[in-house]
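Okay, structure first, notes after.
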Amino acid sequence: MSFLRRGATAVACALLAACGGGEGGLGPSASVQVDPTSLTIPQQQSQQLTVSVLDGDGALLAGVPVTFASSDTNLVTVSPTGLVRSVGPAGQATVVVKAKGVTKSAAVPVTVTATSDHIVVTPNPGAVPQKGTLQLDAQLVDRVGQPIPGAVLGFSSSDPNILSVSPTGLVTSAGPAGQATIFITTGELTAQTVIAVTQVPTTLVVRPAPILLGTGQQLRISASVLDAVGTPMPGQAFGYTATPTGIITVDGTGLLSSVGPIGNGTLSVTSGTLRTDVAVSVVSAAHPTNMAISAHVELASPAFAAVVSASAKVYVVGLYGTLAYGTLASNALTSTSLGSQLTALVANAAGDRLWVGNAPAGGLTEFDVSGETPGALGTVTGLVGTVFDVKLSPDGQRVYASTSDGKVYVVDAATRTVTNTFDIGGGIVHLVRHPSQPLLYASAPNEVKVVEIDLQTQAVRTLLSSGARPQALALSPDASELYVADETGAVKVITLATGATQSIGLGCGAYGMVMTPDGMQLYVTCPMYGAGEVKVVDRATRAVVGTIQTNGTPRRPGVSPDGFTVVVPNEQGWVDYIR
């Protein structure tokens, strides 16, 4: 056999690592060589080793038996032909290769690298209380479910208005109840978990508050539990107690009763760990006790808006420029002409000053009404459009006037000069002021909106912008609720803290409205152009409890400070008294 042929056969046999034959040529310098000298294998993958047995001169020896062994068969195994396979877990092991008759073996270090398989996140699903936090445990795991150290994960929320999440997986409730999906990503792998935000009972609201109750009268208490963002929580249980029981009692349904003399007491309402105490005053009467017209006063001209001063005087303005006035007890009114279309007026707290809008046209005039005959003191000019409504600040130092030009003017009462203007848009037909905060509420039916004006910050917040034609406004005694006369046939109730809106159906188009000082009743006029009515709404039950037929076209009513009398001006030329 030639040298070339014998060499080729030796190489082939060495590559196969078993060709049979003897061990001739082995000596103390023989060695085992392995290719590659080290292995890096992804999890659950394999790689072939190639072994050569060489004599002391580096010549390939054929037919030498070779064996393979793994130092950790839990990590890697090796076949009799040198195929190294990853069992599963990541880690390191050594494959030892021995040749028969060769003193020195070969060691091949093997590294099994972790292969990203999926992301595990707990809890999944999960829950977090309103405005609370929840730490997610998210891990990138390999093909056998073992965490991969140092993996960088990204977090995102499907709805940041419900839940936000930090780069470390800290989930934070933004407030509202609901749910959102948290996504966890790394490379092309994504996992998700749905986190629910559970409501937390936070506030117990009782209406009305405070409570003014007539002797012998009953009042159905309205109680509701609000969550951490002011959303009502349905299905809550309530407990009621009233003290002293000699003056007031309350049953398990929240029906409060005056059972004794005039006096003061406390209503306590509980729900779970929440408790609200409401002051109760029992008086001889707090609002009209009859749902009928007790007096009818004819006028020679249309009557549009009425007000009753603290001095028990009645003032009525009309569309033909007439101011009618008289005492509450007399059932008689004297008229004087101011020469313009009059639609708005307001009396100060002392009852000795009267502000009349559009007298003269485009103006706002202050009258001294401390005597028998009103006397003009001065006029604010420069107001654009017809003055639709006038209100006073609680301290009487500022006058607020709204016009058909869509503006609200702030007037210094002492100097009768305009100090600020808010351009709301549309005709601003009605205003109501907050009793203690620098807030003013305005309705614009043509713009289909009701807004809140912050007189200090100049901010304007829209409270109602659709589904109604807003006219007159009324604010609850505790300033928690705004009532809107809706010309489409309802009274809208806006909870100012949350913006939530309820509707009280009337069955007629609402125009004017006044709330009795005790906050128990609303008197809402429905003009109906000839067949006018006044609807009486119980605030606690949100229901119409009476209909008073006035006929004609009732407009903007006024109520006496003691709550006994509601004065209803009628565009057909008269005034009705409800007592």
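The chains in the structure tokens are called A, B, ... from first to last as shown; in each chain the residues are counted from 1, and the ligands are counted from 1 in the order shown.
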
Legend entry - Spatial neighbours of A:Pro42, 10 Å, only C-alpha atoms, chain gap at least 4 places, as a PyMOL selection string: chain A and resi 46-47+85-86+88-90+111-115+143

Legend entry - Test item: residues at most 9 Å from stretch 268-280 of chain A, only C-alpha atoms, excluding those fewer than 5 positions along its chain, as a PyMOL selection string: chain A and resi 201-206+208-213+223-225+236-243+248+254+263

Legend entry - Point-to-point distance from atom CA of A:Asn358 to atom CA of A:Val408, Å rounded to tenths: 14.0 Å

Inset, instruction - Have a look at atom CA of A:Thr462 and atom CA of A:Pro438 and let me know their distance in Å, one decimal. - result: 16.3 Å

Legend entry - Pick from A:Ser281, A:Ser157, A:Ser301, A:Thr488 nearest to A:Gln192, counting only C-alpha atoms: A:Ser157

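Counting only C-alpha atoms, A:Gln218 has the following residues at most 12 Å away, ignoring those fewer than 6 positions along the same chain: Ile211, Leu212, Ile248, Thr249, Val250, Asp251, Gly254, Leu255, Leu256, Ser257, Ser258, Val259, Val282, Met520, Asp538, Ala540 and Thr541 of chain A.
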